[in-house]
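Colleague: If it helps, the file is called query.cif and holds mmCIF, C-alpha atoms:
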```
data_input
#
loop_
_atom_site.label_atom_id
_atom_site.label_comp_id
_atom_site.auth_asym_id
_atom_site.auth_seq_id
_atom_site.Cartn_x
_atom_site.Cartn_y
_atom_site.Cartn_z
CA MET A 1 -38.76 -62.60 -75.38
CA SER A 2 -42.53 -62.08 -75.72
CA SER A 3 -43.15 -65.56 -74.24
CA ASN A 4 -41.23 -64.46 -71.16
CA LEU A 5 -43.51 -61.50 -70.45
CA LEU A 6 -44.71 -61.43 -66.86
CA ARG A 7 -48.37 -60.31 -66.85
CA LEU A 8 -50.14 -59.02 -63.77
CA GLU A 9 -53.21 -61.19 -64.46
CA ASP A 10 -51.02 -64.35 -64.58
CA CYS A 11 -49.58 -63.46 -61.18
CA LEU A 12 -53.06 -63.46 -59.67
CA GLU A 13 -53.45 -67.11 -60.68
CA ASP A 14 -50.25 -68.09 -58.85
CA SER A 15 -49.24 -71.03 -61.07
CA PRO A 16 -45.80 -72.74 -60.84
CA GLN A 17 -45.03 -71.27 -64.29
CA THR A 18 -45.67 -67.76 -63.01
CA ARG A 19 -43.48 -68.38 -59.97
CA ALA A 20 -40.66 -69.71 -62.16
CA LEU A 21 -40.98 -66.61 -64.36
CA ILE A 22 -40.86 -64.35 -61.30
CA GLY A 23 -37.62 -66.14 -60.36
CA VAL A 24 -36.15 -65.35 -63.80
CA TYR A 25 -37.06 -61.68 -63.40
CA GLU A 26 -35.55 -61.64 -59.92
CA ARG A 27 -32.26 -63.13 -61.11
CA ASP A 28 -32.03 -60.62 -63.95
CA CYS A 29 -32.84 -57.82 -61.54
CA GLU A 30 -30.00 -58.98 -59.26
CA LEU A 31 -27.59 -59.16 -62.24
CA LEU A 32 -28.64 -55.67 -63.35
CA PHE A 33 -28.26 -54.39 -59.79
CA ASN A 34 -24.69 -55.68 -59.54
CA TYR A 35 -23.80 -54.49 -63.03
CA SER A 36 -25.26 -51.04 -62.33
CA LYS A 37 -23.35 -50.74 -59.07
CA GLY A 38 -20.10 -51.49 -60.92
CA LEU A 39 -20.99 -49.03 -63.67
CA ASN A 40 -21.90 -46.40 -61.09
CA ALA A 41 -18.54 -46.93 -59.34
CA ALA A 42 -16.77 -46.43 -62.68
CA CYS A 43 -18.80 -43.26 -63.38
CA THR A 44 -18.02 -41.90 -59.92
CA ARG A 45 -14.33 -42.62 -60.41
CA VAL A 46 -14.30 -40.67 -63.70
CA ALA A 47 -16.16 -37.75 -62.08
CA ASN A 48 -13.79 -37.73 -59.09
CA ALA A 49 -10.72 -37.89 -61.35
CA GLN A 50 -12.10 -34.99 -63.38
CA ASN A 51 -12.65 -33.03 -60.15
CA GLU A 52 -9.10 -33.72 -58.99
CA LEU A 53 -7.82 -32.58 -62.41
CA THR A 54 -9.82 -29.37 -62.04
CA LEU A 55 -8.38 -28.71 -58.57
CA ALA A 56 -4.85 -29.58 -59.76
CA THR A 57 -5.11 -27.22 -62.74
CA GLN A 58 -6.36 -24.44 -60.47
CA GLU A 59 -3.44 -25.03 -58.10
CA LEU A 60 -1.01 -24.91 -61.02
CA SER A 61 -2.52 -21.63 -62.21
CA GLN A 62 -2.17 -20.22 -58.67
CA LYS A 63 1.47 -21.35 -58.50
CA LEU A 64 2.21 -19.62 -61.81
CA LYS A 65 0.58 -16.43 -60.48
CA ASP A 66 2.64 -16.70 -57.27
CA TYR A 67 5.82 -16.11 -59.27
CA GLU A 68 4.92 -12.42 -59.59
CA HIS A 69 4.73 -12.13 -55.81
CA THR A 70 7.98 -13.95 -55.11
CA LYS A 71 10.44 -11.21 -54.20
CA PHE A 72 13.57 -12.05 -56.14
CA SER A 73 16.30 -9.45 -55.50
CA LEU A 74 17.85 -9.91 -58.92
CA SER A 75 14.72 -9.94 -61.12
CA THR A 76 13.50 -6.93 -63.07
CA ASP A 77 9.97 -6.04 -64.09
CA ASP A 78 10.55 -7.07 -67.68
CA ASP A 79 12.34 -10.38 -67.22
CA MET A 80 11.57 -13.15 -69.64
CA ILE A 81 10.16 -15.65 -67.13
CA SER A 82 7.58 -13.13 -65.92
CA SER A 83 6.41 -12.18 -69.40
CA THR A 84 6.25 -15.84 -70.49
CA LEU A 85 4.18 -16.68 -67.41
CA GLN A 86 1.82 -13.79 -68.17
CA GLN A 87 1.15 -15.40 -71.56
CA LEU A 88 0.84 -18.90 -70.07
CA ILE A 89 -1.50 -18.12 -67.16
CA PRO A 90 -4.61 -17.25 -69.29
CA ASN A 91 -4.20 -20.58 -71.12
CA VAL A 92 -3.96 -22.55 -67.89
CA ASP A 93 -7.01 -20.68 -66.58
CA GLU A 94 -8.88 -21.53 -69.78
CA ILE A 95 -8.02 -25.24 -69.40
CA SER A 96 -9.04 -24.98 -65.75
CA SER A 97 -12.47 -23.62 -66.70
CA TYR A 98 -12.93 -26.39 -69.30
CA ASN A 99 -12.13 -28.90 -66.57
CA THR A 100 -14.72 -27.31 -64.27
CA VAL A 101 -17.39 -27.50 -66.99
CA LEU A 102 -16.45 -31.13 -67.77
CA HIS A 103 -16.71 -32.07 -64.11
CA THR A 104 -20.14 -30.42 -63.76
CA GLN A 105 -21.38 -32.20 -66.89
CA LEU A 106 -20.05 -35.57 -65.73
CA VAL A 107 -21.73 -35.20 -62.34
CA ASP A 108 -25.04 -33.89 -63.72
CA ASN A 109 -25.37 -36.10 -66.80
CA MET A 110 -23.64 -39.34 -65.86
CA ALA A 111 -22.94 -39.96 -62.18
CA TYR A 112 -26.27 -38.44 -61.04
CA HIS A 113 -28.45 -40.61 -63.33
CA ALA A 114 -26.55 -43.82 -62.56
CA LYS A 115 -26.93 -43.14 -58.85
CA THR A 116 -30.62 -42.23 -59.15
CA PHE A 117 -31.39 -45.36 -61.21
CA ILE A 118 -29.82 -47.55 -58.54
CA GLU A 119 -31.27 -45.71 -55.56
CA THR A 120 -34.84 -45.49 -56.89
CA ASP A 121 -35.62 -48.17 -59.48
CA LEU A 122 -33.37 -51.01 -58.35
CA VAL A 123 -33.88 -50.47 -54.64
CA GLU A 124 -37.64 -50.41 -55.37
CA CYS A 125 -37.25 -53.82 -57.10
CA HIS A 126 -35.60 -55.15 -53.94
CA ARG A 127 -38.36 -53.69 -51.79
CA LEU A 128 -41.09 -55.28 -53.97
CA LYS A 129 -39.29 -58.63 -53.93
CA SER A 130 -39.06 -58.74 -50.16
CA SER A 131 -42.66 -57.50 -49.86
CA PHE A 132 -43.79 -60.32 -52.20
CA TYR A 133 -42.01 -63.00 -50.16
CA SER A 134 -43.29 -61.74 -46.83
CA GLY A 135 -46.86 -61.50 -48.23
CA ASP A 136 -46.56 -64.98 -49.76
CA LYS A 137 -45.43 -66.47 -46.43
CA HIS A 138 -48.28 -64.72 -44.65
CA HIS A 139 -50.77 -66.10 -47.19
CA GLU A 140 -49.47 -69.67 -46.82
CA GLU A 141 -49.79 -69.51 -43.05
CA ALA A 142 -53.33 -68.16 -43.33
CA ALA A 143 -54.30 -70.85 -45.86
CA ALA A 144 -52.86 -73.60 -43.60
CA LYS A 145 -54.85 -72.21 -40.67
CA LEU A 146 -58.03 -72.16 -42.77
CA ALA A 147 -57.45 -75.79 -43.82
CA ARG A 148 -57.05 -76.87 -40.17
CA VAL A 149 -60.16 -74.98 -39.06
CA SER A 150 -62.28 -76.39 -41.90
CA LYS A 151 -61.27 -80.03 -41.17
CA LYS A 152 -61.36 -80.19 -37.37
CA LYS A 153 -64.11 -78.25 -35.63
CA PRO A 154 -66.17 -76.12 -37.97
CA SER A 155 -66.97 -73.24 -35.61
CA GLU A 156 -68.46 -70.25 -37.36
CA LYS A 157 -66.22 -67.72 -35.62
CA GLY A 158 -62.91 -69.57 -36.22
CA TRP A 159 -63.78 -70.21 -39.86
CA GLN A 160 -64.74 -66.59 -40.46
CA GLU A 161 -61.49 -65.41 -38.88
CA ALA A 162 -59.32 -67.77 -40.96
CA THR A 163 -61.19 -66.86 -44.14
CA ASP A 164 -60.75 -63.14 -43.47
CA GLN A 165 -57.04 -63.66 -42.83
CA THR A 166 -56.59 -65.61 -46.05
CA TYR A 167 -58.52 -62.98 -48.00
CA ALA A 168 -56.45 -60.17 -46.47
CA SER A 169 -53.15 -61.88 -47.27
CA LYS A 170 -54.30 -62.64 -50.84
CA LYS A 171 -55.15 -58.96 -51.25
CA ARG A 172 -51.78 -58.00 -49.82
CA ILE A 173 -49.89 -59.99 -52.43
CA SER A 174 -51.84 -58.70 -55.40
CA MET B 1 20.18 -5.34 -62.76
CA SER B 2 23.48 -4.93 -64.64
CA SER B 3 25.08 -3.42 -61.50
CA ASN B 4 24.23 -6.65 -59.67
CA LEU B 5 26.13 -8.87 -62.09
CA LEU B 6 28.45 -11.28 -60.31
CA ARG B 7 31.68 -11.55 -62.30
CA LEU B 8 34.17 -14.37 -61.90
CA GLU B 9 37.13 -11.92 -61.82
CA ASP B 10 35.51 -9.98 -58.94
CA CYS B 11 35.16 -13.20 -56.94
CA LEU B 12 38.92 -13.79 -57.18
CA GLU B 13 39.52 -10.52 -55.32
CA ASP B 14 37.30 -11.58 -52.40
CA SER B 15 36.05 -8.12 -51.38
CA PRO B 16 33.18 -7.59 -48.88
CA GLN B 17 31.08 -6.25 -51.80
CA THR B 18 31.56 -9.49 -53.73
CA ARG B 19 30.66 -11.55 -50.67
CA ALA B 20 27.47 -9.48 -50.16
CA LEU B 21 26.59 -10.00 -53.82
CA ILE B 22 27.17 -13.76 -53.48
CA GLY B 23 24.75 -13.64 -50.52
CA VAL B 24 22.10 -11.98 -52.72
CA TYR B 25 22.53 -14.67 -55.39
CA GLU B 26 22.30 -17.38 -52.75
CA ARG B 27 19.06 -16.00 -51.29
CA ASP B 28 17.50 -15.74 -54.78
CA CYS B 29 18.65 -19.28 -55.53
CA GLU B 30 16.97 -20.51 -52.34
CA LEU B 31 13.75 -18.62 -53.23
CA LEU B 32 13.81 -20.08 -56.74
CA PHE B 33 14.48 -23.55 -55.32
CA ASN B 34 11.46 -23.36 -53.03
CA TYR B 35 9.27 -21.82 -55.73
CA SER B 36 10.33 -24.50 -58.24
CA LYS B 37 9.63 -27.30 -55.78
CA GLY B 38 6.10 -25.92 -55.29
CA LEU B 39 5.61 -25.55 -59.04
CA ASN B 40 6.92 -29.08 -59.61
CA ALA B 41 4.50 -30.45 -56.99
CA ALA B 42 1.64 -28.68 -58.82
CA CYS B 43 2.80 -30.07 -62.19
CA THR B 44 3.07 -33.58 -60.74
CA ARG B 45 -0.42 -33.26 -59.26
CA VAL B 46 -1.86 -32.30 -62.67
CA ALA B 47 -0.04 -35.19 -64.37
CA ASN B 48 -1.21 -37.68 -61.73
CA ALA B 49 -4.80 -36.41 -61.97
CA GLN B 50 -4.65 -36.77 -65.74
CA ASN B 51 -3.32 -40.32 -65.31
CA GLU B 52 -6.12 -41.19 -62.89
CA LEU B 53 -8.65 -39.76 -65.37
CA THR B 54 -7.14 -41.95 -68.11
CA LEU B 55 -7.40 -45.07 -65.95
CA ALA B 56 -10.94 -44.16 -64.84
CA THR B 57 -12.07 -43.65 -68.45
CA GLN B 58 -10.54 -46.98 -69.44
CA GLU B 59 -12.35 -48.69 -66.56
CA LEU B 60 -15.64 -47.06 -67.62
CA SER B 61 -15.13 -48.26 -71.19
CA GLN B 62 -14.44 -51.78 -69.90
CA LYS B 63 -17.60 -51.68 -67.73
CA LEU B 64 -19.67 -50.65 -70.75
CA LYS B 65 -18.18 -53.54 -72.76
CA ASP B 66 -18.93 -55.95 -69.87
CA TYR B 67 -22.68 -55.42 -70.44
CA GLU B 68 -22.49 -57.60 -73.56
CA HIS B 69 -21.05 -60.47 -71.50
CA THR B 70 -23.57 -60.19 -68.67
CA LYS B 71 -25.95 -63.09 -69.19
CA PHE B 72 -29.41 -61.59 -68.74
CA SER B 73 -32.09 -64.26 -69.27
CA LEU B 74 -34.63 -61.75 -70.51
CA SER B 75 -32.47 -59.72 -72.91
CA THR B 76 -32.50 -60.21 -76.65
CA ASP B 77 -29.71 -59.58 -79.12
CA ASP B 78 -31.33 -56.43 -80.42
CA ASP B 79 -32.31 -54.75 -77.16
CA MET B 80 -32.01 -50.99 -76.96
CA ILE B 81 -29.46 -50.84 -74.14
CA SER B 82 -27.03 -53.04 -76.05
CA SER B 83 -27.30 -51.07 -79.28
CA THR B 84 -26.98 -47.75 -77.41
CA LEU B 85 -23.87 -49.02 -75.62
CA GLN B 86 -22.39 -50.12 -78.95
CA GLN B 87 -22.70 -46.52 -80.13
CA LEU B 88 -21.37 -45.11 -76.84
CA ILE B 89 -18.31 -47.34 -76.39
CA PRO B 90 -16.30 -45.97 -79.38
CA ASN B 91 -16.81 -42.44 -78.03
CA VAL B 92 -15.62 -43.38 -74.54
CA ASP B 93 -12.63 -45.16 -76.12
CA GLU B 94 -11.86 -42.03 -78.12
CA ILE B 95 -11.97 -39.86 -74.97
CA SER B 96 -9.80 -42.46 -73.25
CA SER B 97 -7.17 -42.21 -75.99
CA TYR B 98 -7.22 -38.38 -75.78
CA ASN B 99 -6.63 -38.71 -72.04
CA THR B 100 -3.70 -41.04 -72.65
CA VAL B 101 -2.12 -38.58 -75.09
CA LEU B 102 -2.72 -35.67 -72.67
CA HIS B 103 -1.07 -37.58 -69.85
CA THR B 104 1.98 -38.45 -71.97
CA GLN B 105 2.33 -34.81 -73.07
CA LEU B 106 2.00 -33.52 -69.50
CA VAL B 107 4.66 -35.91 -68.26
CA ASP B 108 7.07 -35.35 -71.18
CA ASN B 109 6.65 -31.59 -71.62
CA MET B 110 5.86 -30.28 -68.14
CA ALA B 111 6.56 -32.57 -65.20
CA TYR B 112 9.80 -33.92 -66.71
CA HIS B 113 11.37 -30.48 -67.32
CA ALA B 114 10.36 -29.10 -63.93
CA LYS B 115 11.89 -32.15 -62.26
CA THR B 116 15.07 -32.01 -64.34
CA PHE B 117 15.55 -28.28 -63.66
CA ILE B 118 15.34 -28.90 -59.93
CA GLU B 119 17.42 -32.06 -59.89
CA THR B 120 20.24 -30.76 -62.07
CA ASP B 121 20.49 -26.94 -62.04
CA LEU B 122 19.20 -26.14 -58.56
CA VAL B 123 20.83 -29.06 -56.82
CA GLU B 124 24.09 -28.04 -58.58
CA CYS B 125 23.64 -24.53 -57.09
CA HIS B 126 23.37 -26.09 -53.65
CA ARG B 127 26.46 -28.22 -54.27
CA LEU B 128 28.49 -25.18 -55.40
CA LYS B 129 27.32 -23.17 -52.40
CA SER B 130 28.35 -25.83 -49.90
CA SER B 131 31.63 -26.37 -51.80
CA PHE B 132 32.33 -22.60 -51.62
CA TYR B 133 31.73 -22.45 -47.86
CA SER B 134 33.81 -25.53 -47.10
CA GLY B 135 36.65 -24.16 -49.30
CA ASP B 136 36.36 -20.72 -47.68
CA LYS B 137 36.57 -22.24 -44.19
CA HIS B 138 39.61 -24.31 -45.23
CA HIS B 139 41.29 -21.18 -46.62
CA GLU B 140 40.67 -19.18 -43.43
CA GLU B 141 42.15 -21.93 -41.28
CA ALA B 142 45.21 -22.16 -43.51
CA ALA B 143 45.69 -18.36 -43.46
CA ALA B 144 45.41 -18.29 -39.65
CA LYS B 145 48.01 -21.05 -39.40
CA LEU B 146 50.32 -19.13 -41.74
CA ALA B 147 49.91 -15.99 -39.59
CA ARG B 148 50.84 -17.90 -36.42
CA VAL B 149 53.88 -19.53 -38.02
CA SER B 150 55.14 -16.20 -39.41
CA LYS B 151 54.85 -14.42 -36.06
CA LYS B 152 56.15 -16.96 -33.53
CA LYS B 153 59.04 -19.13 -34.66
CA PRO B 154 59.98 -18.62 -38.29
CA SER B 155 61.15 -22.16 -39.15
CA GLU B 156 61.63 -22.74 -42.86
CA LYS B 157 59.72 -26.07 -42.89
CA GLY B 158 56.67 -24.85 -40.91
CA TRP B 159 56.44 -21.70 -43.04
CA GLN B 160 56.66 -23.61 -46.30
CA GLU B 161 53.92 -26.04 -45.17
CA ALA B 162 51.57 -23.25 -44.12
CA THR B 163 52.21 -21.33 -47.33
CA ASP B 164 51.52 -24.43 -49.44
CA GLN B 165 48.29 -25.07 -47.53
CA THR B 166 47.11 -21.48 -48.01
CA TYR B 167 47.93 -21.64 -51.72
CA ALA B 168 46.11 -24.96 -52.14
CA SER B 169 43.00 -23.69 -50.40
CA LYS B 170 43.02 -20.45 -52.44
CA LYS B 171 43.19 -22.55 -55.60
CA ARG B 172 40.36 -24.75 -54.34
CA ILE B 173 38.01 -21.77 -53.96
CA SER B 174 38.72 -20.27 -57.35
#
```
Starting from the file, lay out its structure as structure tokens.

Modeller:
Amino acid sequence: MSSNLLRLEDCLEDSPQTRALIGVYERDCELLFNYSKGLNAACTRVANAQNELTLATQELSQKLKDYEHTKFSLSTDDDMISSTLQQLIPNVDEISSYNTVLHTQLVDNMAYHAKTFIETDLVECHRLKSSFYSGDKHHEEAAAKLARVSKKKPSEKGWQEATDQTYASKKRIS
Amino acid sequence: MSSNLLRLEDCLEDSPQTRALIGVYERDCELLFNYSKGLNAACTRVANAQNELTLATQELSQKLKDYEHTKFSLSTDDDMISSTLQQLIPNVDEISSYNTVLHTQLVDNMAYHAKTFIETDLVECHRLKSSFYSGDKHHEEAAAKLARVSKKKPSEKGWQEATDQTYASKKRIS
């Protein structure tokens, strides 16, 4: 892998080898981008499912509590269903609170980092790539202009302008 | 509550008190039916959420395994991401198998029983209630017919028919 290292000083030379190596990095970046998006979607799905489980458990707990407030004519205060529910409800509430903690941890420790990695690092790669290609195009145009000016009519002003433009676009790339 | 007990022998007498008591049982049955449907919906929601969490965890595990098969040009066999994923995947698979077990237990021990209770016991209550009212109506019509026959023209055949019909409908209710 060490032979594949892309060095900043090599880029300044702009050899075909460096360009080919940049292409390799770009392809890997694209692969990683797609893979990360898929992984992020999977992480988000897990976090959403955990959230839905939390909400569902809370609803179940509420339903169990509702039994006490359902006015059955024939029930007594000490009927078996009521007392069983009173024992069950704290357990459901406990599970519900575990689910809440799990959801928070999944969002904070998994979904958040996957999203941040994509939105900062990988999007930055895309930005740099497009900046490189636009700068490269600009440089080629400036170099072509300089070549024409040098060959045809060597006016001091035109030459200076073309040279400045080439220099500026070279600077922009590096 | 013991004073509210509905006894089969009291029903055979058909007193207003018994009818009022049947009404109380019917209203409680309706309340319990509605409550149980709500509880069943909550149970089903929890089971479905748990199922979605299982599927989401399995998808996440698959995504993590996919990394190995993504052909990055610049990666080596011993890169850190790969080795970290190899340690992570068994844990995700373990969580996935817990989720599968949880889902099976929720379906078998919670959702199934709530559904069965509603579909057998409570629906049977509804069937008995509608059967009672249709039998009661039939009996009233037969008794009215018998009263008319007895008063107007006491023919042996008409009287016998009406009496048989009344008897049959009385039997049908009890």

Colleague: Against chain A, which residues of chain B fall within 9 Å? For each one I want the closest pair of atoms and the distance in Å (one decimal), counting all atoms listed in the file, rows by chain and increasing residue number, as JSON lines.

Modeller:
```
{"residue": "B:Met1", "atom": "CA", "partner": "A:Leu74", "partner_atom": "CA", "distance": 6.4}
{"residue": "B:Asn4", "atom": "CA", "partner": "A:Leu74", "partner_atom": "CA", "distance": 7.2}
{"residue": "B:Leu5", "atom": "CA", "partner": "A:Leu74", "partner_atom": "CA", "distance": 8.9}
{"residue": "B:Val24", "atom": "CA", "partner": "A:Ser73", "partner_atom": "CA", "distance": 6.9}
{"residue": "B:Tyr25", "atom": "CA", "partner": "A:Leu74", "partner_atom": "CA", "distance": 7.6}
{"residue": "B:Arg27", "atom": "CA", "partner": "A:Ser73", "partner_atom": "CA", "distance": 8.3}
{"residue": "B:Asp28", "atom": "CA", "partner": "A:Phe72", "partner_atom": "CA", "distance": 5.6}
{"residue": "B:Cys29", "atom": "CA", "partner": "A:Phe72", "partner_atom": "CA", "distance": 8.9}
{"residue": "B:Leu31", "atom": "CA", "partner": "A:Phe72", "partner_atom": "CA", "distance": 7.2}
{"residue": "B:Leu32", "atom": "CA", "partner": "A:Phe72", "partner_atom": "CA", "distance": 8.1}
{"residue": "B:Tyr35", "atom": "CA", "partner": "A:Tyr67", "partner_atom": "CA", "distance": 7.6}
{"residue": "B:Gly38", "atom": "CA", "partner": "A:Lys63", "partner_atom": "CA", "distance": 7.3}
{"residue": "B:Leu39", "atom": "CA", "partner": "A:Lys63", "partner_atom": "CA", "distance": 5.9}
{"residue": "B:Ala41", "atom": "CA", "partner": "A:Leu60", "partner_atom": "CA", "distance": 8.8}
{"residue": "B:Ala42", "atom": "CA", "partner": "A:Leu60", "partner_atom": "CA", "distance": 5.1}
{"residue": "B:Cys43", "atom": "CA", "partner": "A:Leu60", "partner_atom": "CA", "distance": 6.5}
{"residue": "B:Thr44", "atom": "CA", "partner": "A:Ala56", "partner_atom": "CA", "distance": 8.9}
{"residue": "B:Arg45", "atom": "CA", "partner": "A:Ala56", "partner_atom": "CA", "distance": 5.8}
{"residue": "B:Val46", "atom": "CA", "partner": "A:Ala56", "partner_atom": "CA", "distance": 5.0}
{"residue": "B:Ala47", "atom": "CA", "partner": "A:Leu53", "partner_atom": "CA", "distance": 8.4}
{"residue": "B:Asn48", "atom": "CA", "partner": "A:Leu53", "partner_atom": "CA", "distance": 8.4}
{"residue": "B:Ala49", "atom": "CA", "partner": "A:Leu53", "partner_atom": "CA", "distance": 4.9}
{"residue": "B:Gln50", "atom": "CA", "partner": "A:Leu53", "partner_atom": "CA", "distance": 6.2}
{"residue": "B:Asn51", "atom": "CA", "partner": "A:Ala49", "partner_atom": "CA", "distance": 8.7}
{"residue": "B:Glu52", "atom": "CA", "partner": "A:Ala49", "partner_atom": "CA", "distance": 5.9}
{"residue": "B:Leu53", "atom": "CA", "partner": "A:Ala49", "partner_atom": "CA", "distance": 4.9}
{"residue": "B:Thr54", "atom": "CA", "partner": "A:Val46", "partner_atom": "CA", "distance": 8.5}
{"residue": "B:Leu55", "atom": "CA", "partner": "A:Val46", "partner_atom": "CA", "distance": 8.5}
{"residue": "B:Ala56", "atom": "CA", "partner": "A:Val46", "partner_atom": "CA", "distance": 5.0}
{"residue": "B:Thr57", "atom": "CA", "partner": "A:Val46", "partner_atom": "CA", "distance": 6.0}
{"residue": "B:Glu59", "atom": "CA", "partner": "A:Ala42", "partner_atom": "CA", "distance": 6.3}
{"residue": "B:Leu60", "atom": "CA", "partner": "A:Ala42", "partner_atom": "CA", "distance": 5.1}
{"residue": "B:Ser61", "atom": "CA", "partner": "A:Ala42", "partner_atom": "CA", "distance": 8.9}
{"residue": "B:Lys63", "atom": "CA", "partner": "A:Leu39", "partner_atom": "CA", "distance": 5.9}
{"residue": "B:Leu64", "atom": "CA", "partner": "A:Leu39", "partner_atom": "CA", "distance": 7.4}
{"residue": "B:Asp66", "atom": "CA", "partner": "A:Tyr35", "partner_atom": "CA", "distance": 8.5}
{"residue": "B:Tyr67", "atom": "CA", "partner": "A:Tyr35", "partner_atom": "CA", "distance": 7.6}
{"residue": "B:Thr70", "atom": "CA", "partner": "A:Leu31", "partner_atom": "CA", "distance": 7.7}
{"residue": "B:Lys71", "atom": "CA", "partner": "A:Leu31", "partner_atom": "CA", "distance": 8.2}
{"residue": "B:Phe72", "atom": "CA", "partner": "A:Asp28", "partner_atom": "CA", "distance": 5.5}
{"residue": "B:Ser73", "atom": "CA", "partner": "A:Asp28", "partner_atom": "CA", "distance": 6.4}
{"residue": "B:Leu74", "atom": "CA", "partner": "A:Met1", "partner_atom": "CA", "distance": 6.4}
{"residue": "B:Ser75", "atom": "CA", "partner": "A:Met1", "partner_atom": "CA", "distance": 7.3}
{"residue": "B:Thr76", "atom": "CA", "partner": "A:Met1", "partner_atom": "CA", "distance": 6.8}
```

Colleague: Which residues are near Tyr167 (chain A)? Cut-off 10 Å, all atoms listed in the file, ignore same chain within fewer than 5 positions. Put them as a ChimeraX atom specification.

Modeller: /A:139,142-143,161-162,172

Colleague: How big is the axis-aligned box around the listed atoms of region 101-106 of chain A once 4 Å is added on each side, and where is its centre? Give both in Å to one decimal, as lines of an AutoDock Vina configuration file.

Modeller:
```
center_x = -18.9
center_y = -31.5
center_z = -65.8
size_x = 12.9
size_y = 16.1
size_z = 12.0
```

Colleague: After least-squares alignment of chain B to chain A over all Cα atoms in order, what RMSD do you get?

Modeller: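 Across the paired C-alpha atoms, the RMSD reaches 0.2 Å.
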
Colleague: In Å, how far is it from CA of Asn99 (chain B) to CA of Gln87 (chain B)?

Modeller: 19.6 Å

Colleague: Interatomic distance between CA of Asp164 (chain A) and CA of Ala144 (chain A)?

Modeller: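 If I compute the distance from CA of Asp164 (chain A) to CA of Ala144 (chain A), I get 13.1 Å.
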
Colleague: What is the CA of Lys145 (chain B) to CA of Gln165 (chain B) distance in Å?

Modeller: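 Rounded to one decimal, the two atoms are 9.1 Å apart.
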
Colleague: Select all residues near (-28.0, -44.9, -57.1) (cut-off 12 Å, inclusive, file coordinates), counting all atoms listed in the file, and output them as a PDB file with C-alpha atoms, in the coordinates of the input.

Modeller:
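The result, stored in part_30.pdb:
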```
ATOM      1  CA  PHE A  33     -28.260 -54.390 -59.790  1.00  0.00           C
ATOM      2  CA  ASN A  34     -24.690 -55.680 -59.540  1.00  0.00           C
ATOM      3  CA  SER A  36     -25.260 -51.040 -62.330  1.00  0.00           C
ATOM      4  CA  LYS A  37     -23.350 -50.740 -59.070  1.00  0.00           C
ATOM      5  CA  GLY A  38     -20.100 -51.490 -60.920  1.00  0.00           C
ATOM      6  CA  LEU A  39     -20.990 -49.030 -63.670  1.00  0.00           C
ATOM      7  CA  ASN A  40     -21.900 -46.400 -61.090  1.00  0.00           C
ATOM      8  CA  ALA A  41     -18.540 -46.930 -59.340  1.00  0.00           C
ATOM      9  CA  CYS A  43     -18.800 -43.260 -63.380  1.00  0.00           C
ATOM     10  CA  THR A  44     -18.020 -41.900 -59.920  1.00  0.00           C
ATOM     11  CA  MET A 110     -23.640 -39.340 -65.860  1.00  0.00           C
ATOM     12  CA  ALA A 111     -22.940 -39.960 -62.180  1.00  0.00           C
ATOM     13  CA  TYR A 112     -26.270 -38.440 -61.040  1.00  0.00           C
ATOM     14  CA  HIS A 113     -28.450 -40.610 -63.330  1.00  0.00           C
ATOM     15  CA  ALA A 114     -26.550 -43.820 -62.560  1.00  0.00           C
ATOM     16  CA  LYS A 115     -26.930 -43.140 -58.850  1.00  0.00           C
ATOM     17  CA  THR A 116     -30.620 -42.230 -59.150  1.00  0.00           C
ATOM     18  CA  PHE A 117     -31.390 -45.360 -61.210  1.00  0.00           C
ATOM     19  CA  ILE A 118     -29.820 -47.550 -58.540  1.00  0.00           C
ATOM     20  CA  GLU A 119     -31.270 -45.710 -55.560  1.00  0.00           C
ATOM     21  CA  THR A 120     -34.840 -45.490 -56.890  1.00  0.00           C
ATOM     22  CA  ASP A 121     -35.620 -48.170 -59.480  1.00  0.00           C
ATOM     23  CA  LEU A 122     -33.370 -51.010 -58.350  1.00  0.00           C
ATOM     24  CA  VAL A 123     -33.880 -50.470 -54.640  1.00  0.00           C
ATOM     25  CA  GLU A 124     -37.640 -50.410 -55.370  1.00  0.00           C
TER      26      GLU A 124
END
```

Colleague: Could you give me, as a VMD selection string, the residues that have an atom at most 12 Å away from the point (-45.5, -61.9, -45.4) in the coordinates of the file, using all atoms listed in the file?

Modeller: chain A and resid 128 to 142 165 to 166 168 to 173
